[in-house]
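Have a look at the structure below, then the notes.
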Amino acid sequence: QVQLVESGGGLVQAGGSLRLSCAASGSFFSTYRMAWYRQAPGKQRELVATITPGGSTNYADSMKGRFAISRDDAKNTVYLGMNSLKPDDTAVYYCNAEAMGGAYWGQGTQVTVSS
């Protein structure tokens, strides 16, 4: 079982920045494939970014150049830096881990971007 706890969400004006954090339990964090997803009201959950155990990253097209996913294996934490935020980025952001043959989710953190 892997537990994930997100933090760092909040209210920000358009054009602003936030950094989300996701702290994971377990002794093998460095082997987890980590990802951030988001779900806006009335919409399906969508992939934001992924990072492999080796540090390779991938982004949804609409986030490229604005968002940056990173990990600190010593702290069992994955981050999502978000710049140039837009009202359309308003959503609940979820941390996801693929580990030990399963997929695990955090409880989510709300990001609200005002215009």
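Here, A, B, ... name the chains of the structure tokens in the order displayed, residue numbers run from 1 inside each chain, and ligands are numbered from 1 in the same displayed order.
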* Could you give me the residues within range 4-115 of chain A that DSSP places in strand (DSSP E or B), as a ChimeraX atom specification? => /A:4-7,10-13,18-24,33-39,46-51,57-59,67-72,77-82,91-99,102-105,109-114
* Any idea what's packed within 12 Å of range 7-19 of chain A, counting only C-alpha atoms, ignoring anything in its chain fewer than 4 positions away? Could you give it as a ChimeraX atom specification? -> /A:23-24,38,66-70,77-95,106-115
Output N, CA and C atoms for every residue in that selection, as a compact mmCIF listing (two decimals), in the first residue's frame.
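New file part36.txt:
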# COMPACT_ATOMS: atom_id res chain seq x y z
N ALA A 23 3.70 13.92 -1.12
CA ALA A 23 4.57 13.09 -0.29
C ALA A 23 4.05 11.66 -0.31
N ALA A 24 4.95 10.73 -0.56
CA ALA A 24 4.57 9.32 -0.68
C ALA A 24 5.15 8.50 0.46
N ARG A 38 -5.47 15.98 -13.23
CA ARG A 38 -6.37 17.00 -12.73
C ARG A 38 -7.79 16.73 -13.22
N ARG A 66 4.71 25.41 -19.41
CA ARG A 66 4.18 26.13 -18.26
C ARG A 66 4.32 25.34 -16.97
N PHE A 67 4.22 24.02 -17.08
CA PHE A 67 4.28 23.15 -15.90
C PHE A 67 5.58 22.36 -15.92
N ALA A 68 6.07 22.02 -14.73
CA ALA A 68 7.29 21.21 -14.61
C ALA A 68 7.12 20.21 -13.47
N ILE A 69 7.26 18.94 -13.82
CA ILE A 69 7.20 17.89 -12.81
C ILE A 69 8.63 17.52 -12.42
N SER A 70 8.83 17.27 -11.16
CA SER A 70 10.15 16.87 -10.66
C SER A 70 9.97 15.96 -9.45
N THR A 77 9.14 12.61 -2.47
CA THR A 77 8.21 13.67 -2.86
C THR A 77 8.32 13.96 -4.35
N VAL A 78 7.16 14.19 -4.95
CA VAL A 78 7.09 14.65 -6.34
C VAL A 78 6.44 16.03 -6.33
N TYR A 79 6.88 16.87 -7.23
CA TYR A 79 6.42 18.25 -7.29
C TYR A 79 5.81 18.55 -8.65
N LEU A 80 4.96 19.56 -8.66
CA LEU A 80 4.44 20.10 -9.92
C LEU A 80 4.52 21.61 -9.83
N GLY A 81 5.46 22.18 -10.54
CA GLY A 81 5.55 23.62 -10.64
C GLY A 81 4.66 24.11 -11.76
N MET A 82 3.86 25.13 -11.46
CA MET A 82 2.91 25.63 -12.43
C MET A 82 3.09 27.14 -12.58
N ASN A 83 3.35 27.57 -13.79
CA ASN A 83 3.54 28.99 -14.09
C ASN A 83 2.50 29.44 -15.10
N SER A 84 2.37 30.76 -15.21
CA SER A 84 1.44 31.34 -16.20
C SER A 84 0.07 30.69 -16.10
N LEU A 85 -0.42 30.58 -14.91
CA LEU A 85 -1.69 29.89 -14.70
C LEU A 85 -2.85 30.64 -15.34
N LYS A 86 -3.80 29.85 -15.83
CA LYS A 86 -4.97 30.38 -16.49
C LYS A 86 -6.22 29.92 -15.75
N PRO A 87 -7.33 30.63 -15.90
CA PRO A 87 -8.57 30.16 -15.27
C PRO A 87 -8.93 28.72 -15.66
N ASP A 88 -8.58 28.32 -16.89
CA ASP A 88 -8.85 26.95 -17.33
C ASP A 88 -8.03 25.91 -16.58
N ASP A 89 -7.03 26.33 -15.84
CA ASP A 89 -6.24 25.39 -15.02
C ASP A 89 -6.93 25.07 -13.70
N THR A 90 -8.04 25.74 -13.43
CA THR A 90 -8.78 25.48 -12.21
C THR A 90 -9.27 24.03 -12.19
N ALA A 91 -8.90 23.32 -11.14
CA ALA A 91 -9.24 21.89 -11.04
C ALA A 91 -8.75 21.36 -9.70
N VAL A 92 -9.16 20.14 -9.41
CA VAL A 92 -8.54 19.39 -8.32
C VAL A 92 -7.38 18.61 -8.94
N TYR A 93 -6.22 18.76 -8.36
CA TYR A 93 -5.02 18.10 -8.86
C TYR A 93 -4.70 16.89 -7.98
N TYR A 94 -4.51 15.76 -8.66
CA TYR A 94 -4.29 14.50 -7.98
C TYR A 94 -2.90 13.95 -8.27
N CYS A 95 -2.28 13.41 -7.26
CA CYS A 95 -1.02 12.71 -7.39
C CYS A 95 -1.31 11.23 -7.62
N GLY A 106 -3.75 10.11 -4.43
CA GLY A 106 -3.92 10.98 -3.29
C GLY A 106 -5.34 11.50 -3.23
N GLN A 107 -5.60 12.31 -2.24
CA GLN A 107 -6.96 12.83 -2.04
C GLN A 107 -7.24 14.06 -2.89
N GLY A 108 -6.20 14.64 -3.46
CA GLY A 108 -6.37 15.79 -4.32
C GLY A 108 -6.17 17.10 -3.59
N THR A 109 -5.76 18.11 -4.34
CA THR A 109 -5.62 19.46 -3.81
C THR A 109 -6.23 20.44 -4.81
N GLN A 110 -7.01 21.36 -4.30
CA GLN A 110 -7.76 22.28 -5.18
C GLN A 110 -6.86 23.43 -5.62
N VAL A 111 -6.88 23.69 -6.91
CA VAL A 111 -6.22 24.87 -7.48
C VAL A 111 -7.30 25.70 -8.16
N THR A 112 -7.39 26.95 -7.76
CA THR A 112 -8.37 27.86 -8.33
C THR A 112 -7.63 29.07 -8.88
N VAL A 113 -7.83 29.34 -10.16
CA VAL A 113 -7.18 30.48 -10.82
C VAL A 113 -8.26 31.50 -11.16
N SER A 114 -8.13 32.67 -10.60
CA SER A 114 -9.12 33.72 -10.85
C SER A 114 -8.67 34.61 -12.00
N SER A 115 -9.65 35.11 -12.71
CA SER A 115 -9.34 35.96 -13.87
C SER A 115 -9.21 37.42 -13.48
* **Given only C-alpha atoms as the counted atoms, nearest of A:Ala74, A:Gln44, A:Trp36, A:Phe29 to Asn58 in chain A** =>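 Closest to Asn58 in chain A, using only C-alpha atoms: A:Trp36.
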* To do: Grab the CA of Leu4 in chain A to CA of Asn76 in chain A distance for me, in Å with one decimal place.
  => 9.8 Å
* Gap from CA of Leu47 in chain A to CA of Phe28 in chain A - Å, one decimal -> 23.3 Å
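CA of Gln39 in chain A is found 16.0 Å from CA of Asp61 in chain A.
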* Contacts of Gly102 in chain A at 12 Å or less, counting only C-alpha atoms, minus same-chain residues fewer than 3 places along, as a ChimeraX atom specification? -> /A:1-3,32-33,96-99,105
Got time to write the residues from that selection, N, CA, C and O atoms, as a PDB file, in the first residue's frame?
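Below is the file selection-v8.pdb, written as the result:
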ATOM      1  N   GLN A   1       0.847  -1.191   0.000  1.00  0.00           N
ATOM      2  CA  GLN A   1       0.000   0.000   0.000  1.00  0.00           C
ATOM      3  C   GLN A   1       0.882   1.241   0.000  1.00  0.00           C
ATOM      4  O   GLN A   1       1.839   1.330   0.781  1.00  0.00           O
ATOM      5  N   VAL A   2       0.544   2.172  -0.872  1.00  0.00           N
ATOM      6  CA  VAL A   2       1.259   3.440  -0.960  1.00  0.00           C
ATOM      7  C   VAL A   2       0.285   4.550  -0.627  1.00  0.00           C
ATOM      8  O   VAL A   2      -0.801   4.628  -1.215  1.00  0.00           O
ATOM      9  N   GLN A   3       0.661   5.398   0.298  1.00  0.00           N
ATOM     10  CA  GLN A   3      -0.175   6.549   0.636  1.00  0.00           C
ATOM     11  C   GLN A   3       0.440   7.810   0.053  1.00  0.00           C
ATOM     12  O   GLN A   3       1.657   8.007   0.117  1.00  0.00           O
ATOM     13  N   TYR A  32       9.030   4.177  -8.141  1.00  0.00           N
ATOM     14  CA  TYR A  32       7.656   4.483  -8.542  1.00  0.00           C
ATOM     15  C   TYR A  32       7.631   5.388  -9.763  1.00  0.00           C
ATOM     16  O   TYR A  32       8.375   6.366  -9.842  1.00  0.00           O
ATOM     17  N   ARG A  33       6.749   5.089 -10.684  1.00  0.00           N
ATOM     18  CA  ARG A  33       6.419   6.033 -11.729  1.00  0.00           C
ATOM     19  C   ARG A  33       5.369   6.978 -11.149  1.00  0.00           C
ATOM     20  O   ARG A  33       4.325   6.516 -10.677  1.00  0.00           O
ATOM     21  N   ASN A  96      -0.533  10.617  -8.479  1.00  0.00           N
ATOM     22  CA  ASN A  96      -0.717   9.205  -8.807  1.00  0.00           C
ATOM     23  C   ASN A  96       0.617   8.493  -8.770  1.00  0.00           C
ATOM     24  O   ASN A  96       1.628   9.038  -9.222  1.00  0.00           O
ATOM     25  N   ALA A  97       0.616   7.285  -8.227  1.00  0.00           N
ATOM     26  CA  ALA A  97       1.823   6.461  -8.208  1.00  0.00           C
ATOM     27  C   ALA A  97       1.517   5.098  -8.803  1.00  0.00           C
ATOM     28  O   ALA A  97       0.501   4.484  -8.474  1.00  0.00           O
ATOM     29  N   GLU A  98       2.388   4.635  -9.674  1.00  0.00           N
ATOM     30  CA  GLU A  98       2.342   3.258 -10.143  1.00  0.00           C
ATOM     31  C   GLU A  98       3.477   2.529  -9.422  1.00  0.00           C
ATOM     32  O   GLU A  98       4.657   2.838  -9.638  1.00  0.00           O
ATOM     33  N   ALA A  99       3.078   1.624  -8.572  1.00  0.00           N
ATOM     34  CA  ALA A  99       4.065   0.995  -7.707  1.00  0.00           C
ATOM     35  C   ALA A  99       3.581  -0.373  -7.281  1.00  0.00           C
ATOM     36  O   ALA A  99       2.392  -0.554  -7.014  1.00  0.00           O
ATOM     37  N   TRP A 105      -3.678   6.713  -5.517  1.00  0.00           N
ATOM     38  CA  TRP A 105      -4.092   8.106  -5.694  1.00  0.00           C
ATOM     39  C   TRP A 105      -4.085   8.833  -4.362  1.00  0.00           C
ATOM     40  O   TRP A 105      -4.394   8.250  -3.320  1.00  0.00           O
TER      41      TRP A 105
END
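Considering the residues A:Met100, A:Ile51, A:Ser62, A:Cys22 and counting only C-alpha atoms, Ala35 in chain A has its shortest atom-to-atom contact with A:Ile51.
Taking chain A and asking which residues DSSP calls helix (DSSP H, G or I) on the backbone, you get Phe29, Ser30, Thr31, Asp61, Ser62, Met63, Asp73, Ala74, Lys75, Pro87, Asp88 and Asp89 of chain A.
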Any chance you can output those residues with C-alpha atoms as a PDB file, in the first residue's frame?
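Everything below was put into result17.pdb:
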ATOM      1  CA  PHE A  29       9.742   5.580  -3.847  1.00  0.00           C
ATOM      2  CA  SER A  30      12.641   5.797  -6.283  1.00  0.00           C
ATOM      3  CA  THR A  31      11.106   2.901  -8.221  1.00  0.00           C
ATOM      4  CA  ASP A  61       0.314  19.412 -24.742  1.00  0.00           C
ATOM      5  CA  SER A  62      -1.552  22.244 -23.030  1.00  0.00           C
ATOM      6  CA  MET A  63       0.871  22.183 -20.078  1.00  0.00           C
ATOM      7  CA  ASP A  73      13.709  10.586  -4.067  1.00  0.00           C
ATOM      8  CA  ALA A  74      15.481  11.432  -0.812  1.00  0.00           C
ATOM      9  CA  LYS A  75      12.279  13.097   0.393  1.00  0.00           C
ATOM     10  CA  PRO A  87      -8.566  30.156 -15.269  1.00  0.00           C
ATOM     11  CA  ASP A  88      -8.852  26.953 -17.334  1.00  0.00           C
ATOM     12  CA  ASP A  89      -6.239  25.393 -15.021  1.00  0.00           C
TER      13      ASP A  89
END
